[in-house]
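Engineer: Structure: input-v4.txt, compact mmCIF, C-alpha atoms.
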```txt
# COMPACT_ATOMS: atom_id res chain seq x y z
CA MET A 26 -27.28 -7.26 -9.14
CA SER A 27 -29.24 -7.55 -5.93
CA TYR A 28 -27.87 -6.82 -2.50
CA ASP A 29 -27.62 -10.39 -1.35
CA THR A 30 -25.73 -11.78 -4.30
CA LEU A 31 -22.79 -9.40 -3.86
CA LYS A 32 -19.90 -11.23 -2.24
CA VAL A 33 -18.34 -9.10 0.47
CA CYS A 34 -14.96 -9.78 2.02
CA ILE A 35 -13.59 -8.03 5.09
CA ILE A 36 -9.82 -7.66 5.07
CA ILE A 37 -8.20 -7.31 8.49
CA PRO A 38 -4.44 -6.80 8.53
CA ALA A 39 -3.09 -7.82 11.93
CA TYR A 40 0.30 -7.66 13.55
CA ASN A 41 0.38 -8.90 17.14
CA GLU A 42 -3.27 -8.13 17.85
CA GLU A 43 -4.30 -11.29 19.72
CA LYS A 44 -6.07 -9.25 22.41
CA SER A 45 -8.51 -7.44 20.15
CA ILE A 46 -8.78 -9.52 16.97
CA ALA A 47 -11.28 -12.13 18.15
CA GLN A 48 -13.72 -9.52 19.35
CA VAL A 49 -13.49 -7.54 16.11
CA ILE A 50 -14.25 -10.67 14.08
CA SER A 51 -17.11 -11.89 16.22
CA ARG A 52 -18.72 -8.44 16.20
CA ILE A 53 -18.62 -8.46 12.39
CA PHE A 54 -20.11 -11.96 12.15
CA ARG A 55 -22.87 -11.11 14.62
CA LEU A 56 -24.10 -8.35 12.30
CA HIS A 57 -23.13 -9.85 8.96
CA PRO A 58 -22.89 -13.65 9.08
CA GLU A 59 -22.88 -13.77 5.26
CA PHE A 60 -19.58 -11.88 4.95
CA THR A 61 -16.20 -13.53 4.53
CA VAL A 62 -13.57 -12.31 6.95
CA VAL A 63 -9.95 -12.78 5.99
CA VAL A 64 -7.22 -11.94 8.49
CA ILE A 65 -3.73 -11.28 7.18
CA ASP A 66 -1.41 -12.26 9.98
CA ASP A 67 1.64 -10.18 9.15
CA GLY A 68 4.27 -12.36 10.77
CA SER A 69 2.91 -11.95 14.29
CA SER A 70 4.82 -13.51 17.14
CA ASP A 71 1.78 -13.89 19.39
CA GLY A 72 -1.42 -15.93 19.01
CA THR A 73 -3.09 -13.65 16.47
CA ALA A 74 -3.57 -16.36 13.84
CA ALA A 75 -5.01 -18.88 16.28
CA ALA A 76 -7.35 -16.32 17.85
CA ALA A 77 -8.61 -15.24 14.43
CA LYS A 78 -9.13 -18.82 13.30
CA ALA A 79 -11.04 -19.65 16.46
CA ALA A 80 -13.30 -16.66 15.83
CA GLY A 81 -14.18 -18.06 12.42
CA ALA A 82 -12.00 -16.02 10.08
CA ASP A 83 -10.02 -17.29 7.15
CA VAL A 84 -6.39 -16.66 8.09
CA ILE A 85 -3.47 -15.98 5.77
CA THR A 86 -0.20 -16.20 7.67
CA LEU A 87 2.71 -14.40 6.08
CA PRO A 88 6.06 -16.06 6.80
CA GLN A 89 7.64 -12.69 7.59
CA ASN A 90 6.53 -9.18 8.43
CA LEU A 91 5.76 -7.11 5.34
CA GLY A 92 4.27 -4.04 6.95
CA ILE A 93 0.73 -2.78 6.60
CA GLY A 94 0.79 -2.19 2.83
CA GLY A 95 2.10 -5.60 1.88
CA ALA A 96 -0.31 -7.29 4.28
CA VAL A 97 -3.34 -5.42 3.00
CA GLN A 98 -2.40 -6.12 -0.59
CA THR A 99 -2.35 -9.84 0.21
CA GLY A 100 -5.98 -9.39 1.21
CA TYR A 101 -6.80 -7.71 -2.10
CA LEU A 102 -5.01 -10.50 -3.99
CA TYR A 103 -7.16 -13.01 -2.09
CA CYS A 104 -10.33 -11.07 -2.96
CA ALA A 105 -9.34 -10.73 -6.63
CA ARG A 106 -8.65 -14.45 -7.01
CA LYS A 107 -11.78 -15.57 -5.16
CA GLY A 108 -13.93 -13.18 -7.18
CA PHE A 109 -15.29 -10.96 -4.44
CA ASP A 110 -17.42 -7.97 -5.44
CA VAL A 111 -16.63 -5.76 -2.47
CA ALA A 112 -13.56 -5.64 -0.23
CA VAL A 113 -13.66 -3.74 3.04
CA GLN A 114 -10.57 -2.92 5.06
CA VAL A 115 -11.02 -2.93 8.82
CA ASP A 116 -8.37 -2.40 11.49
CA ALA A 117 -7.67 -5.20 13.93
CA ASP A 118 -7.48 -2.91 16.94
CA GLY A 119 -11.21 -2.36 17.21
CA GLN A 120 -11.43 1.32 16.35
CA HIS A 121 -13.63 0.66 13.31
CA LYS A 122 -17.16 -0.21 14.32
CA PRO A 123 -18.87 -3.11 12.51
CA GLU A 124 -22.16 -1.21 12.93
CA GLU A 125 -20.82 1.29 10.40
CA LEU A 126 -20.01 -1.30 7.73
CA ASP A 127 -23.25 -0.84 5.84
CA LYS A 128 -22.62 2.89 5.58
CA ILE A 129 -19.41 2.39 3.64
CA ILE A 130 -20.56 -0.63 1.63
CA ASN A 131 -23.91 0.70 0.45
CA PRO A 132 -22.60 3.35 -1.98
CA ILE A 133 -20.69 0.56 -3.74
CA ARG A 134 -23.69 -1.76 -3.77
CA GLU A 135 -25.75 1.02 -5.31
CA GLY A 136 -23.06 1.78 -7.88
CA GLN A 137 -22.48 5.34 -6.67
CA ALA A 138 -18.78 4.92 -6.07
CA ASP A 139 -15.82 2.64 -6.68
CA MET A 140 -14.29 3.43 -3.32
CA VAL A 141 -15.83 4.62 -0.08
CA LEU A 142 -13.72 6.13 2.64
CA GLY A 143 -14.97 6.06 6.19
CA SER A 144 -14.09 9.51 7.44
CA ARG A 145 -13.87 10.82 10.98
CA TRP A 146 -14.25 14.44 10.03
CA VAL A 147 -17.00 14.79 7.43
CA GLU A 148 -19.49 15.47 10.19
CA ASN A 149 -18.90 15.86 13.86
CA THR A 150 -18.47 12.35 15.09
CA GLY A 151 -17.33 11.03 18.41
CA TYR A 152 -13.66 10.95 17.51
CA ARG A 153 -11.14 13.15 19.31
CA SER A 154 -7.43 13.36 18.77
CA SER A 155 -4.43 15.48 19.59
CA ARG A 156 -3.81 18.84 17.95
CA SER A 157 -0.56 17.85 16.19
CA ARG A 158 -2.16 14.72 14.82
CA ARG A 159 -5.05 16.75 13.49
CA ALA A 160 -2.66 19.24 11.91
CA GLY A 161 -0.82 16.43 10.14
CA MET A 162 -4.04 14.99 8.86
CA LEU A 163 -5.14 18.38 7.65
CA ILE A 164 -1.95 18.82 5.65
CA LEU A 165 -2.29 15.36 4.14
CA ALA A 166 -5.94 15.99 3.39
CA SER A 167 -5.21 19.20 1.53
CA LEU A 168 -2.37 17.53 -0.36
CA VAL A 169 -4.58 14.67 -1.47
CA SER A 170 -7.40 17.06 -2.27
CA PHE A 171 -5.03 19.10 -4.39
CA PHE A 172 -3.62 16.18 -6.34
CA THR A 173 -6.91 14.35 -6.82
CA ARG A 174 -8.92 17.54 -7.30
CA ARG A 175 -11.54 16.15 -4.95
CA HIS A 176 -12.45 17.14 -1.48
CA VAL A 177 -10.96 14.56 0.87
CA THR A 178 -11.02 15.12 4.61
CA ASP A 179 -9.57 11.96 6.11
CA PRO A 180 -7.10 10.37 3.70
CA THR A 181 -5.36 8.33 6.40
CA SER A 182 -8.50 6.47 7.34
CA GLY A 183 -7.94 2.72 7.14
CA PHE A 184 -11.69 2.09 7.14
CA ARG A 185 -12.56 1.78 3.46
CA ALA A 186 -14.47 -0.26 0.93
CA VAL A 187 -13.72 -0.83 -2.75
CA GLY A 188 -15.58 -2.51 -5.58
CA ARG A 189 -14.28 -4.92 -8.21
CA LYS A 190 -12.26 -2.34 -10.14
CA GLY A 191 -10.51 -1.18 -6.98
CA ILE A 192 -9.79 -4.75 -5.87
CA GLN A 193 -8.18 -5.47 -9.23
CA LEU A 194 -6.09 -2.31 -9.15
CA PHE A 195 -4.91 -2.86 -5.58
CA ALA A 196 -4.08 -6.50 -6.28
CA GLU A 197 -1.77 -5.37 -9.05
CA ASP A 198 -0.21 -2.31 -7.46
CA TYR A 199 -0.33 -1.19 -3.88
CA SER A 200 2.09 1.06 -2.09
CA THR A 201 3.90 -0.82 0.65
CA ASP A 202 5.06 2.04 2.82
CA TYR A 203 2.15 4.45 3.19
CA PRO A 204 -0.80 2.72 1.58
CA GLU A 205 -3.72 4.75 2.91
CA VAL A 206 -2.91 8.07 1.30
CA ASP A 207 -1.12 6.72 -1.71
CA SER A 208 -3.86 4.36 -2.80
CA LEU A 209 -6.35 7.23 -3.01
CA VAL A 210 -4.21 9.08 -5.51
CA SER A 211 -3.61 5.91 -7.49
CA LEU A 212 -7.33 5.05 -7.71
CA ASN A 213 -8.17 8.59 -8.66
CA SER A 214 -5.61 8.66 -11.45
CA HIS A 215 -7.24 5.53 -12.87
CA GLY A 216 -10.53 7.36 -13.00
CA LEU A 217 -12.30 5.55 -10.15
CA ARG A 218 -14.91 7.42 -8.14
CA ILE A 219 -14.04 8.01 -4.52
CA ILE A 220 -16.52 9.26 -1.94
CA GLU A 221 -16.32 9.85 1.77
CA VAL A 222 -18.96 9.06 4.34
CA ALA A 223 -18.98 10.02 7.99
CA VAL A 224 -18.44 7.17 10.42
CA GLU A 225 -18.07 6.95 14.14
CA MET A 226 -14.87 5.47 15.44
CA ASP A 227 -13.83 4.19 18.82
CA GLN A 228 -10.56 4.97 20.46
CA ARG A 229 -8.35 2.01 19.77
CA GLN A 230 -8.85 -0.86 22.18
CA ALA A 231 -5.29 -2.09 22.14
CA GLY A 232 -2.06 -1.36 20.35
CA SER A 233 -0.93 1.97 18.99
CA SER A 234 -1.03 3.68 15.64
CA SER A 235 1.49 2.52 13.07
CA ILE A 236 2.62 6.14 12.87
CA SER A 237 4.43 7.31 16.00
CA SER A 238 4.91 11.00 16.65
CA VAL A 239 8.68 10.83 16.27
CA LYS A 240 8.47 9.36 12.81
CA SER A 241 5.58 11.49 11.69
CA ILE A 242 7.63 14.21 10.01
CA TYR A 243 9.63 11.66 8.07
CA TYR A 244 6.34 9.99 7.20
CA MET A 245 4.86 13.26 5.96
CA ILE A 246 7.80 13.94 3.67
CA LYS A 247 7.77 10.42 2.26
CA VAL A 248 4.04 10.48 1.66
CA THR A 249 4.21 13.86 -0.01
CA LEU A 250 6.95 12.69 -2.33
CA SER A 251 5.13 9.49 -3.06
CA ILE A 252 1.89 11.29 -3.88
CA MET A 253 3.71 13.65 -6.20
CA ILE A 254 5.43 10.79 -8.02
CA ARG A 255 2.17 8.90 -8.38
CA SER A 256 0.32 11.86 -9.78
CA VAL A 257 2.84 12.43 -12.56
CA ARG A 258 3.30 8.77 -13.43
CA MET B 12 58.93 3.27 -12.96
CA GLU B 13 57.92 5.39 -10.01
CA ARG B 14 57.03 3.94 -6.65
CA VAL B 15 53.43 5.07 -6.80
CA GLN B 16 53.12 3.36 -10.16
CA VAL B 17 54.29 0.08 -8.66
CA LEU B 18 51.78 0.44 -5.86
CA SER B 19 48.84 1.12 -8.17
CA LEU B 20 49.95 -1.72 -10.42
CA CYS B 21 49.95 -4.13 -7.46
CA LEU B 22 46.55 -2.89 -6.31
CA SER B 23 44.89 -3.33 -9.69
CA VAL B 24 46.38 -6.79 -10.16
CA ALA B 25 45.17 -7.70 -6.65
CA LEU B 26 41.68 -6.49 -7.51
CA ILE B 27 41.56 -8.55 -10.70
CA VAL B 28 42.85 -11.66 -8.93
CA PHE B 29 40.35 -11.24 -6.10
CA VAL B 30 37.44 -10.81 -8.53
CA LEU B 31 38.54 -13.93 -10.43
CA HIS B 32 38.67 -15.78 -7.11
CA LEU B 33 35.12 -14.63 -6.29
CA ILE B 34 33.89 -15.74 -9.71
CA ARG B 35 35.45 -19.17 -9.20
CA ARG B 36 33.68 -19.51 -5.85
CA ARG B 37 30.46 -18.34 -7.54
CA ALA B 38 30.15 -15.57 -4.94
CA LEU B 39 29.63 -12.94 -7.62
CA ARG B 40 27.10 -12.92 -10.42
CA GLU B 41 28.53 -12.65 -13.93
CA GLN B 42 27.11 -9.19 -14.62
CA TYR B 43 28.90 -7.71 -11.59
CA ALA B 44 32.01 -9.79 -12.18
CA LEU B 45 32.33 -8.25 -15.63
CA LEU B 46 31.89 -4.78 -14.19
CA TRP B 47 34.62 -5.27 -11.57
CA LEU B 48 36.97 -6.88 -14.05
CA PHE B 49 36.45 -3.88 -16.30
CA PHE B 50 37.29 -1.53 -13.40
CA GLY B 51 40.39 -3.54 -12.60
CA LEU B 52 41.58 -3.51 -16.20
CA VAL B 53 41.05 0.24 -16.56
CA MET B 54 43.08 0.80 -13.39
CA LEU B 55 45.79 -1.53 -14.63
CA VAL B 56 46.05 0.19 -17.98
CA LEU B 57 46.13 3.66 -16.40
CA SER B 58 48.86 2.70 -13.96
CA ILE B 59 51.03 1.30 -16.72
CA LYS B 60 50.34 4.05 -19.22
CA THR B 61 50.40 7.18 -17.05
CA SER B 62 50.87 9.24 -20.20
CA TRP B 63 47.31 8.32 -21.25
CA LEU B 64 45.90 9.78 -18.08
CA GLU B 65 47.96 12.93 -18.55
CA TRP B 66 46.76 13.21 -22.13
CA MET B 67 43.13 12.88 -21.01
CA ALA B 68 43.60 15.45 -18.24
CA GLU B 69 45.05 17.87 -20.72
CA ALA B 70 42.15 17.31 -23.11
CA VAL B 71 39.64 18.41 -20.46
CA ASN B 72 41.86 21.15 -19.03
CA VAL B 73 42.62 19.46 -15.71
CA PHE B 74 46.04 20.62 -14.57
CA TYR B 75 46.77 17.95 -12.00
CA ALA B 76 46.23 14.61 -13.73
CA PRO B 77 45.50 12.43 -10.66
CA SER B 78 42.52 14.65 -9.78
CA LEU B 79 40.87 13.53 -13.01
CA LEU B 80 41.30 10.01 -11.74
CA PHE B 81 39.55 10.97 -8.48
CA LEU B 82 36.70 12.59 -10.36
CA VAL B 83 36.14 9.59 -12.61
CA GLY B 84 36.44 7.26 -9.63
CA ILE B 85 33.85 9.13 -7.58
CA VAL B 86 31.43 9.37 -10.49
CA LEU B 87 31.74 5.65 -11.13
CA CYS B 88 31.18 4.93 -7.41
CA PHE B 89 28.02 7.03 -7.43
CA LEU B 90 26.70 5.28 -10.49
CA LEU B 91 27.45 1.90 -8.98
CA ILE B 92 25.69 2.79 -5.72
CA LEU B 93 22.69 4.11 -7.60
CA HIS B 94 22.56 0.90 -9.59
CA LEU B 95 22.77 -1.15 -6.39
CA THR B 96 19.89 0.71 -4.74
CA VAL B 97 17.82 0.06 -7.85
CA VAL B 98 18.69 -3.62 -7.54
CA VAL B 99 17.82 -3.66 -3.83
CA SER B 100 14.46 -2.01 -4.57
CA LYS B 101 13.70 -4.63 -7.19
CA LEU B 102 14.68 -7.43 -4.83
CA THR B 103 12.49 -5.98 -2.07
CA GLU B 104 9.56 -5.88 -4.48
CA ARG B 105 10.14 -9.51 -5.42
CA ILE B 106 10.41 -10.63 -1.81
CA ILE B 107 7.09 -8.96 -1.04
CA VAL B 108 5.39 -10.74 -3.94
CA LEU B 109 6.89 -14.08 -2.90
CA THR B 110 5.88 -13.61 0.74
CA GLN B 111 2.32 -12.85 -0.31
CA GLU B 112 2.20 -15.88 -2.58
CA ILE B 113 3.52 -18.16 0.16
CA GLY B 114 0.84 -16.84 2.52
CA LEU B 115 -1.92 -17.41 -0.03
CA ILE B 116 -0.65 -20.88 -1.00
CA ARG B 117 -0.32 -21.92 2.63
CA ASN B 118 -3.89 -20.77 3.20
CA GLU B 119 -5.08 -22.92 0.25
CA LEU B 120 -3.07 -25.91 1.45
CA GLU B 121 -4.55 -25.75 4.92
CA LYS B 122 -8.07 -25.68 3.51
CA HIS B 123 -7.22 -28.61 1.26
CA GLY B 124 -5.89 -30.57 4.23
CA GLN B 125 -9.00 -29.88 6.27
CA GLU B 126 -11.26 -31.12 3.47
CA LYS B 127 -9.32 -34.36 3.23
CA ASN B 128 -9.35 -35.02 6.93
CA GLY B 129 -12.84 -33.95 7.69
```
Translate the structure described by the file into structure tokens.
Structural biologist:
Amino acid sequence: MSYDTLKVCIIIPAYNEEKSIAQVISRIFRLHPEFTVVVIDDGSSDGTAAAAKAAGADVITLPQNLGIGGAVQTGYLYCARKGFDVAVQVDADGQHKPEELDKIINPIREGQADMVLGSRWVENTGYRSSRSRRAGMLILASLVSFFTRRHVTDPTSGFRAVGRKGIQLFAEDYSTDYPEVDSLVSLNSHGLRIIEVAVEMDQRQAGSSSISSVKSIYYMIKVTLSIMIRSVR
Amino acid sequence: MERVQVLSLCLSVALIVFVLHLIRRRALREQYALLWLFFGLVMLVLSIKTSWLEWMAEAVNVFYAPSLLFLVGIVLCFLLILHLTVVVSKLTERIIVLTQEIGLIRNELEKHGQEKNG
């Protein structure tokens, strides 16, 4: 299959992101006008859906808030039913740069991997974060590396691309609570090839991470348990 | 008949009557209605036939018969709660699937409407 015939869909889960969403979409279209952009409006109370529509995205409005996992899975369902070859997950807050899209899509186009993870840590990139956050990520990374028996450095990265097999798998089963880490283990246990590439990320333009510092310990325990359950299932 | 026996008799009859009332109002699904009716009947039987409880307690070497009742009651409560959390999890899963489908269908509908109008 040649490069141009592959249908690529960008999945953007968005919850009250009216300030940043339009810019994210228009930046993607400026570089890749041939891509489809689908925004999953996860029960936002602001003008997220309208802003995304005006920017040219296909918008799926969920009647109630499902949380990040349920929203993203809706995107994978959309991609599976419309027959897309590649699905790329991009955050609505603008921290994932559209200039880096090719880096994470190309390994799939070339058939080198079934999933590509855009990682902040593989090489020294421009991303900085607090010490406790880094410690948490390190623990998660070693956990995932242990259970998948692969070297993974940034399992919480929401900047990722999957091919047809991954789209199908995610459409059928996707963790609703802590999708980023969990989905890696699930793909790996189905024998899909996961690779990481280094990407540059911006500090988020608006909004805050879905994981606050207070909840992070609870989050870590839940994720750990969930990974362990998945790997024995 | 002892006083406590009268009390427990009244309570179990009240439970059965209340469950029947809920079934009549269709506030309770049949599977749970059966469960509660079963509980009510067991309580009724044990409060009439206290000798049965004493016999059971003796069989498992429990000296104070009512404490066997507590044990069984607590175990049943735990099982019921566990069952309910399983049900809630299943319902949550279904609601997620339905919400996603509604989103996707709405998206299709809007596109359809646009084609017709434009």
Engineer: Write down, as a PyMOL selection string, each residue of chain A that has any atom within 9 Å of an atom of chain B, counting only C-alpha atoms.
Structural biologist: chain A and resi 65+83-91+95-96+98-99+102-103+201
Engineer: What is the CA of Cys21 in chain B-CA of Val53 in chain B distance in Å, reported with one decimal?
Structural biologist: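 CA of Val53 in chain B lies at a distance of 13.5 Å from CA of Cys21 in chain B.
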Engineer: If we count only C-alpha atoms, what is near Tyr40 in chain A at a cut-off of 10 Å, once residues fewer than 4 positions away on the same chain are taken out, given as a compact mmCIF listing (two decimals) with C-alpha atoms, in the coordinates of the input?
Structural biologist:
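Output contents, as saved in around02.txt:
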```
# COMPACT_ATOMS: atom_id res chain seq x y z
CA ILE A 46 -8.78 -9.52 16.97
CA ILE A 65 -3.73 -11.28 7.18
CA ASP A 66 -1.41 -12.26 9.98
CA ASP A 67 1.64 -10.18 9.15
CA GLY A 68 4.27 -12.36 10.77
CA SER A 69 2.91 -11.95 14.29
CA SER A 70 4.82 -13.51 17.14
CA ASP A 71 1.78 -13.89 19.39
CA THR A 73 -3.09 -13.65 16.47
CA ALA A 74 -3.57 -16.36 13.84
CA ASN A 90 6.53 -9.18 8.43
CA LEU A 91 5.76 -7.11 5.34
CA GLY A 92 4.27 -4.04 6.95
CA ILE A 93 0.73 -2.78 6.60
CA ALA A 96 -0.31 -7.29 4.28
CA ALA A 117 -7.67 -5.20 13.93
CA ASP A 118 -7.48 -2.91 16.94
CA GLY A 232 -2.06 -1.36 20.35
```
Engineer: Give as a PyMOL selection string the set of residues within 7 Å of the point (-16.2, 8.3, 9.5), where distances use the file's coordinates and only C-alpha atoms.
Structural biologist: chain A and resi 143-147+222-226
Engineer: Quick one: range 214-225 of chain A with N, CA, C and O atoms, as a CSV table (one decimal), in the coordinates of the input?
Structural biologist:
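selection-v2.csv, written as the output of this step:
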```
chain,number,residue,atom,x,y,z
A,214,SER,N,-6.3,8.5,-10.2
A,214,SER,CA,-5.6,8.7,-11.4
A,214,SER,C,-6.1,7.6,-12.5
A,214,SER,O,-5.9,7.8,-13.7
A,215,HIS,N,-6.7,6.5,-12.0
A,215,HIS,CA,-7.2,5.5,-12.9
A,215,HIS,C,-8.7,5.8,-13.2
A,215,HIS,O,-9.4,5.0,-13.8
A,216,GLY,N,-9.2,6.9,-12.7
A,216,GLY,CA,-10.5,7.4,-13.0
A,216,GLY,C,-11.6,6.7,-12.2
A,216,GLY,O,-12.8,6.7,-12.6
A,217,LEU,N,-11.3,6.1,-11.0
A,217,LEU,CA,-12.3,5.6,-10.2
A,217,LEU,C,-12.9,6.6,-9.3
A,217,LEU,O,-12.3,7.6,-8.9
A,218,ARG,N,-14.2,6.4,-8.9
A,218,ARG,CA,-14.9,7.4,-8.1
A,218,ARG,C,-14.7,7.1,-6.7
A,218,ARG,O,-15.0,6.0,-6.2
A,219,ILE,N,-14.3,8.1,-6.0
A,219,ILE,CA,-14.0,8.0,-4.5
A,219,ILE,C,-15.0,8.9,-3.8
A,219,ILE,O,-15.2,10.1,-4.1
A,220,ILE,N,-15.7,8.4,-2.8
A,220,ILE,CA,-16.5,9.3,-1.9
A,220,ILE,C,-16.2,9.0,-0.5
A,220,ILE,O,-15.7,8.0,-0.1
A,221,GLU,N,-16.5,10.0,0.3
A,221,GLU,CA,-16.3,9.8,1.8
A,221,GLU,C,-17.7,9.8,2.5
A,221,GLU,O,-18.6,10.6,2.1
A,222,VAL,N,-17.8,9.0,3.5
A,222,VAL,CA,-19.0,9.1,4.3
A,222,VAL,C,-18.5,9.2,5.8
A,222,VAL,O,-17.4,8.8,6.1
A,223,ALA,N,-19.3,9.8,6.6
A,223,ALA,CA,-19.0,10.0,8.0
A,223,ALA,C,-19.2,8.7,8.8
A,223,ALA,O,-20.2,8.1,8.6
A,224,VAL,N,-18.3,8.3,9.6
A,224,VAL,CA,-18.4,7.2,10.4
A,224,VAL,C,-18.0,7.5,11.8
A,224,VAL,O,-17.2,8.4,12.0
A,225,GLU,N,-18.5,6.8,12.8
A,225,GLU,CA,-18.1,7.0,14.1
A,225,GLU,C,-16.9,6.0,14.4
A,225,GLU,O,-17.0,4.8,13.9
```
